[in-house]
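Working notes for the structure below.
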Amino acid sequence: MIHHLWQSTLFAGLVWIVTLVLRRHAARTRYWLWCAASLKFLVPFGWLMELGSRFAWRDAPAIVRPGATFVVDQVLAPSVLSIAAPTTTGQAAATMLPEVLAAIWLLGAMTVVAWWWRQWSHVRGALDAAMPLSLEGCDTAGLRVRSSPSAFEPAVIGIRRPVLLVPDGLLERLTPEQLDAVVAHEQCHVRCHDNLVAALHMAIEAVFWFHPLTWWIGTRLVDERERACDEAVIETGVLAVDYAEGILTVCRWSLGAPVMSMSGISGSDLRSRIDTILANRIGRRLSAAGRWLLIVGALLALAGPIGIGSLHASATRAQAPSEPRPQFEVTSIKRTPETTGSGADFYTRPGGEFIARNNEVMNLIGNAYRIPQYRIAGGPDWLRSDRYDVQAKAAGDPPNAQVMLMLQALLEQRFELKTHREMRDADAWVLRVAKSGLLQPAVASNCTPRTDGPTPPLTPDQAPRMGCGSSHLGRSASGGLAWDAVSIDANAIAGTLAVVLRGNVANQTGLTGLYDIAVELPSLQPTAAGPDPSQADVSPFTVLRDKLGLSLERGRAPVEFLVIDSVERPTEN
């Protein structure tokens with residue numbers, strides 16, 4: 001939102017500069033420029049960049065082999081855990097700040113809407129009490145005219161079926177020439193759809209009521225639309241004196257329009273308008289070169305963010321390896337019968353066999369691309385409702401990581417899955433150093449180095465507890481989580497904690513070394529089912545702080561998401 005606001009503000013500033021350059025040109029040109037500044041608040045550049053990213057060339061998603069292997073031995077409850085971080089008074093206030101701001105915004109928006117609704121109710125009452133009126137000798141083609149007992153000025157009401165509302169008794173005070181000029185002014189509003197633009201800007205003011213720029217743009221729209229209609233009336237050949245006297249007579253006899261979307265005749269700086277009318281000054285038309293410059297500028301404003309998004313997505317995908325991924329030799333995919341229970345299997349067997357029974361497609365995607373489901377965006381609902389049995393056989397005895405690459409190829413071929421990765425600002429646990437020196441530096445002899453070739457057999461006395469770069473979570477004797485890791489970096493620590501918390505964890509520790517970890521984390525319970533673990537004497541957060549010197553706090557951070565562009569149900573075999 002902050003990015004959108006400053007971008008819209010900058011765009012409005014550029015429009016203001018252009019209107020100053022075109023101050024001697026036609027008012028309608030400046031009016032449409034202010035319309036663009038207003039509508040920019042409805043179109044964040046981020047949406048255009050996202051749209052552009054979808055036009056980039058789709059290569060295979062970049063596969064980065066994780067620096068650590070995560071093994072979860074069914075230690076987490078099936079329900080999503082809700083864990084509160086230990087908070088201070090200041091942190092609690094910061095946590096409530098978004099809710100407070102949202103409540104203030106909603107109150108302000110409701111106040112603006114209520115105020116406009118009250119004004120509109122008066123207009124609606126005047127329209128209901130109005131009677132049909134015939135203006136003989138005036139060009140009212142396509143415009144219904146009604147006489148109202150209200151004191152509102154002549155104004156056009158409505159968007160689809162506009163009505164010209166004229167106060168009772170005004171016609172007797174206008175000469176035929178003055179009446180023709182007033183009606184021509186209102187016809188100009190109808191032709192240019194000024195009420196529609198005004199209604200859109202009223203909605204923008206309701207949403208962005210806290211931004212003073214939206215209200216200033218509203219005054220500029222009213223000023224330029226009235227001047228534009230003045231110029232249009234003068235161009236028809238109406239005498240400037242008759243037109244100016246008609247406007248002054250209307251102002252003496254009636255009130256102004258109560259709402260912006262009711263296009264009247266007395267808006268804007270009346271004295272300045274009268275001076276301009278009597279001087280018979282009409283803004284210059286844009287030259288062909290000027291029109292092309294504005295068209296090119298508008299295209300750049302739209303195509304620029306789209307092009308940036310496309311280039312960024314293409315550059316991201318260009319980092320993907322070009323080598324073809326391995327594939328299964330034999331595959332079988334069948335829709336799971338609806339009578340099947342809720343149990344599910346997902347495992348590999350020696351000899352290159354892969355089995356997934358009663359699995360949601362989203363679970364297959366998450367495991368294949370090694371990304372948790374809460375960081376997968378897009379896709380139809382059936383990805384989480386349809387279940388499939390998948391059996392596949394690979395040549396030889398490939399490691400699990402290679403089997404997951406084969407599963408990626410299977411999903412892209414049989415499910416026609418197309419994805420891309422992108423960074424998004426999201427809620428996350430922020431991992432920082434609370435007290436340095438508590439993490440234990442890695443000891444090389446504690447683990448087996450990873451190699452591409454076979455590992456020679458070791459005796460029980462020689463064999464370390466796991467491979468270097470591994471992080472293992474298991475159930476401890478006391479019912480908590482036993483966390484054993486050897487030679488892992490800070491990113492792997494954050495990755496393991498993301499598995500524990502089932503949420504995004506952003507590494508902001510600044511640590512660059514490798515570490516060994518052997519610690520027991522207390523049992524994680526849903527806050528609705530028991531006391532808040534952050535208030536307990538010993539919680540996962542106190543263990544992280546006291547034994548590892550790490551802290552976790554709620555915040556926001558850039559997080560990589562896997563975005564599903566398209567996917568289809570497979571043909572069963």
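Ordering of the structure tokens sets the chain letters (A, B, ...), residue numbers begin anew at 1 in every chain, and ligands are numbered from 1 in the order given.
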
I need the residues in range 148-272 of chain A that are alpha helix (DSSP H) according to DSSP; give them as a PyMOL selection string.
chain A and resi 176-191+194-207+212-235+240-253+270-272

Counting only C-alpha atoms, what is within 10 Å of Trp105 in chain A, bar same-chain residues fewer than 2 positions away, as a PyMOL selection string?
chain A and resi 99-103+107-111+206-210

Could you give me, as a compact mmCIF listing (two decimals) with C-alpha atoms, in the first residue's frame, the residues within 12 Å of range 226-228 of chain A, counting only C-alpha atoms and dropping anything in the same chain fewer than 2 positions from it?
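Below is the file selection.txt, written as the result:
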# COMPACT_ATOMS: atom_id res chain seq x y z
CA ARG A 23 -2.16 25.71 -19.33
CA HIS A 25 -4.33 24.63 -24.29
CA ALA A 26 -7.87 23.27 -24.23
CA ALA A 27 -9.24 22.61 -20.74
CA ARG A 28 -10.62 19.23 -21.82
CA THR A 29 -7.05 17.99 -22.36
CA ARG A 30 -6.08 18.95 -18.81
CA TYR A 31 -9.31 17.40 -17.55
CA TRP A 32 -8.46 13.98 -19.03
CA ALA A 155 -27.66 20.20 -13.42
CA VAL A 182 -27.03 26.93 -20.22
CA HIS A 185 -23.27 23.60 -21.19
CA GLU A 186 -25.20 20.68 -19.69
CA CYS A 188 -21.43 19.02 -23.00
CA HIS A 189 -21.35 17.25 -19.61
CA ARG A 191 -21.42 13.98 -24.17
CA CYS A 192 -18.17 13.75 -22.16
CA ASP A 194 -18.54 13.76 -16.75
CA THR A 219 -11.15 20.14 -7.17
CA ARG A 220 -8.97 20.14 -10.28
CA LEU A 221 -11.45 17.82 -12.05
CA VAL A 222 -14.39 20.11 -11.26
CA ASP A 223 -12.47 23.20 -12.33
CA GLU A 224 -11.26 21.78 -15.65
CA ASP A 230 -17.39 26.81 -21.21
CA GLU A 231 -15.02 26.51 -24.15
CA ALA A 232 -17.38 24.10 -25.90
CA VAL A 233 -20.30 26.53 -25.52
CA ILE A 234 -18.31 29.49 -26.84
CA GLU A 235 -17.18 27.42 -29.85
CA ILE A 247 -24.35 31.91 -15.53
CA MET A 260 -19.60 16.15 -7.29
CA SER A 263 -22.77 18.22 -13.16
CA GLY A 264 -23.97 21.81 -12.86
CA ILE A 265 -22.89 25.13 -14.28
CA SER A 266 -21.49 27.14 -11.37
CA GLY A 267 -18.55 24.97 -10.31
CA SER A 268 -14.90 26.09 -10.27
CA ASP A 269 -13.63 29.66 -9.72
CA LEU A 270 -16.65 31.61 -10.99
CA ARG A 271 -14.93 35.00 -11.29
CA SER A 272 -12.03 33.56 -13.27
CA ARG A 273 -14.43 31.70 -15.54
CA ILE A 274 -16.50 34.83 -16.24
CA ASP A 275 -13.34 36.76 -17.08
CA THR A 276 -12.28 34.00 -19.48
CA ILE A 277 -15.72 33.85 -21.12
CA ARG A 281 -10.46 32.96 -24.67
CA ILE A 282 -10.48 29.39 -25.97
CA GLY A 283 -7.59 27.06 -25.26
CA ARG A 284 -5.45 25.96 -28.18
CA ARG A 285 -5.95 22.53 -29.62

Within 10 Å of range 414-417 of chain A, counting only C-alpha atoms, which residues show up once you throw out same-chain ones fewer than 6 positions away? Write them as a PyMOL selection string, please.
chain A and resi 331+333+361+365+379+408+564-572

How about saving the chosen residues, N, CA and C atoms kept, as an mmCIF file, in the first residue's frame?
data_model
loop_
_atom_site.group_PDB
_atom_site.id
_atom_site.type_symbol
_atom_site.label_atom_id
_atom_site.label_comp_id
_atom_site.auth_asym_id
_atom_site.auth_seq_id
_atom_site.Cartn_x
_atom_site.Cartn_y
_atom_site.Cartn_z
ATOM 1 N N THR A 331 4.989 -44.834 -15.245
ATOM 2 C CA THR A 331 4.146 -44.092 -14.306
ATOM 3 C C THR A 331 2.703 -44.568 -14.419
ATOM 4 N N ILE A 333 -1.183 -43.133 -12.920
ATOM 5 C CA ILE A 333 -1.934 -42.114 -12.172
ATOM 6 C C ILE A 333 -3.407 -42.480 -12.234
ATOM 7 N N VAL A 361 -3.234 -33.087 -5.003
ATOM 8 C CA VAL A 361 -2.250 -32.655 -5.995
ATOM 9 C C VAL A 361 -1.344 -31.584 -5.396
ATOM 10 N N ILE A 365 2.755 -31.326 -5.461
ATOM 11 C CA ILE A 365 3.509 -30.153 -5.922
ATOM 12 C C ILE A 365 4.465 -29.674 -4.835
ATOM 13 N N GLY A 379 -3.807 -21.433 -8.708
ATOM 14 C CA GLY A 379 -4.294 -22.776 -8.963
ATOM 15 C C GLY A 379 -5.764 -22.950 -8.617
ATOM 16 N N GLN A 408 8.658 -33.691 -10.498
ATOM 17 C CA GLN A 408 8.405 -32.414 -11.162
ATOM 18 C C GLN A 408 8.098 -32.632 -12.648
ATOM 19 N N ILE A 564 1.380 -20.926 -9.390
ATOM 20 C CA ILE A 564 0.830 -21.850 -10.384
ATOM 21 C C ILE A 564 0.166 -21.029 -11.486
ATOM 22 N N ASP A 565 0.683 -21.125 -12.688
ATOM 23 C CA ASP A 565 0.123 -20.398 -13.823
ATOM 24 C C ASP A 565 -1.027 -21.174 -14.468
ATOM 25 N N SER A 566 -0.864 -22.480 -14.620
ATOM 26 C CA SER A 566 -1.924 -23.307 -15.199
ATOM 27 C C SER A 566 -1.682 -24.761 -14.815
ATOM 28 N N VAL A 567 -2.770 -25.527 -14.776
ATOM 29 C CA VAL A 567 -2.690 -26.948 -14.449
ATOM 30 C C VAL A 567 -3.981 -27.601 -14.929
ATOM 31 N N GLU A 568 -3.909 -28.864 -15.353
ATOM 32 C CA GLU A 568 -5.070 -29.601 -15.849
ATOM 33 C C GLU A 568 -5.145 -30.962 -15.163
ATOM 34 N N ARG A 569 -6.354 -31.495 -15.070
ATOM 35 C CA ARG A 569 -6.523 -32.847 -14.546
ATOM 36 C C ARG A 569 -5.869 -33.834 -15.519
ATOM 37 N N PRO A 570 -5.198 -34.858 -15.014
ATOM 38 C CA PRO A 570 -4.463 -35.777 -15.897
ATOM 39 C C PRO A 570 -5.383 -36.838 -16.497
ATOM 40 N N THR A 571 -4.891 -37.437 -17.564
ATOM 41 C CA THR A 571 -5.543 -38.628 -18.121
ATOM 42 C C THR A 571 -5.065 -39.837 -17.325
ATOM 43 N N GLU A 572 -6.012 -40.609 -16.788
ATOM 44 C CA GLU A 572 -5.639 -41.725 -15.916
ATOM 45 C C GLU A 572 -5.149 -42.913 -16.742
#

Calculated over only C-alpha atoms, which of the candidates A:His4, A:Asp389, A:Trp382, A:Leu10 has the smallest distance to Phe346 in chain A?
A:Asp389

Val145 in chain A environment, 7 Å, only C-alpha atoms, sequence neighbours closer than 2 positions dropped, as a PyMOL selection string
chain A and resi 132-134+143+147+163-165

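Among the candidates A:Ala129, A:Leu286, A:Leu497, A:Leu171, the residue lying nearest to Ser148 in chain A is A:Ala129 (atoms considered: only C-alpha atoms).
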
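Reported to one decimal place, the separation of CA of Leu550 in chain A from CA of Val433 in chain A is 4.6 Å.
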
Using only C-alpha atoms, which residues sit within 8 Å of range 557-563 of chain A once same-chain residues fewer than 4 positions away are excluded, as a PyMOL selection string?
chain A and resi 371+375-378+419-428+430+504+506

Write the selection just made, keeping C-alpha atoms, as a compact mmCIF listing (two decimals), in the first residue's frame?
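Saved file out-v9.txt follows:
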# COMPACT_ATOMS: atom_id res chain seq x y z
CA ILE A 371 8.26 -25.76 -0.92
CA ARG A 375 4.08 -20.62 -0.14
CA ILE A 376 2.22 -21.94 -3.21
CA ALA A 377 -0.06 -19.37 -4.83
CA GLY A 378 -2.76 -19.70 -7.45
CA THR A 419 4.76 -22.50 -12.61
CA HIS A 420 7.13 -19.69 -11.87
CA ARG A 421 8.81 -18.40 -8.74
CA GLU A 422 8.60 -14.84 -7.50
CA MET A 423 9.37 -12.85 -4.37
CA ARG A 424 6.45 -11.42 -2.41
CA ASP A 425 6.27 -9.38 0.76
CA ALA A 426 4.56 -11.64 3.31
CA ASP A 427 4.05 -12.19 7.03
CA ALA A 428 6.99 -14.06 8.50
CA VAL A 430 12.06 -12.91 11.60
CA ASN A 504 7.66 -18.33 6.78
CA ALA A 506 13.20 -14.97 7.32

Counting only C-alpha atoms, what is within 6 Å of Arg387 in chain A, bar same-chain residues fewer than 3 positions away, as a short mmCIF file (atom, residue, chain, number, x, y, z; two decimals) with N, CA and C atoms, in the first residue's frame?
data_model
loop_
_atom_site.label_atom_id
_atom_site.label_comp_id
_atom_site.auth_asym_id
_atom_site.auth_seq_id
_atom_site.Cartn_x
_atom_site.Cartn_y
_atom_site.Cartn_z
N THR A 336 -8.28 -41.25 -6.93
CA THR A 336 -8.64 -42.02 -5.75
C THR A 336 -10.15 -42.06 -5.59
N ASN A 358 -3.57 -41.69 -2.23
CA ASN A 358 -4.60 -40.79 -1.71
C ASN A 358 -4.03 -39.41 -1.40
N ASN A 359 -3.27 -38.86 -2.33
CA ASN A 359 -2.61 -37.56 -2.13
C ASN A 359 -3.35 -36.45 -2.88
N GLU A 360 -3.49 -35.30 -2.20
CA GLU A 360 -3.92 -34.09 -2.90
C GLU A 360 -2.83 -33.69 -3.89
#

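Between CA of Pro326 in chain A and CA of Asn491 in chain A there is a distance of 27.3 Å.
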
All strand (DSSP E) residues (DSSP, backbone) inside range 348-518 of chain A, as number ranges by chain
A: 348-349, 353-360, 376-377, 387-393, 418-433, 440-441, 447-448, 466-467, 470-475, 481-488, 505-507, 515-518

Taken to one decimal, the CA of Val156 in chain A-CA of Tyr243 in chain A distance is 18.0 Å

Taking only C-alpha atoms into account, which of A:Leu22, A:Leu294, A:Ala130, A:Leu33 comes nearest Arg225 in chain A?
A:Leu33

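Nearest residue to Pro167 in chain A, choosing from A:Asn400, A:Glu153, A:Leu179, A:Leu511 and counting only C-alpha atoms: A:Glu153.
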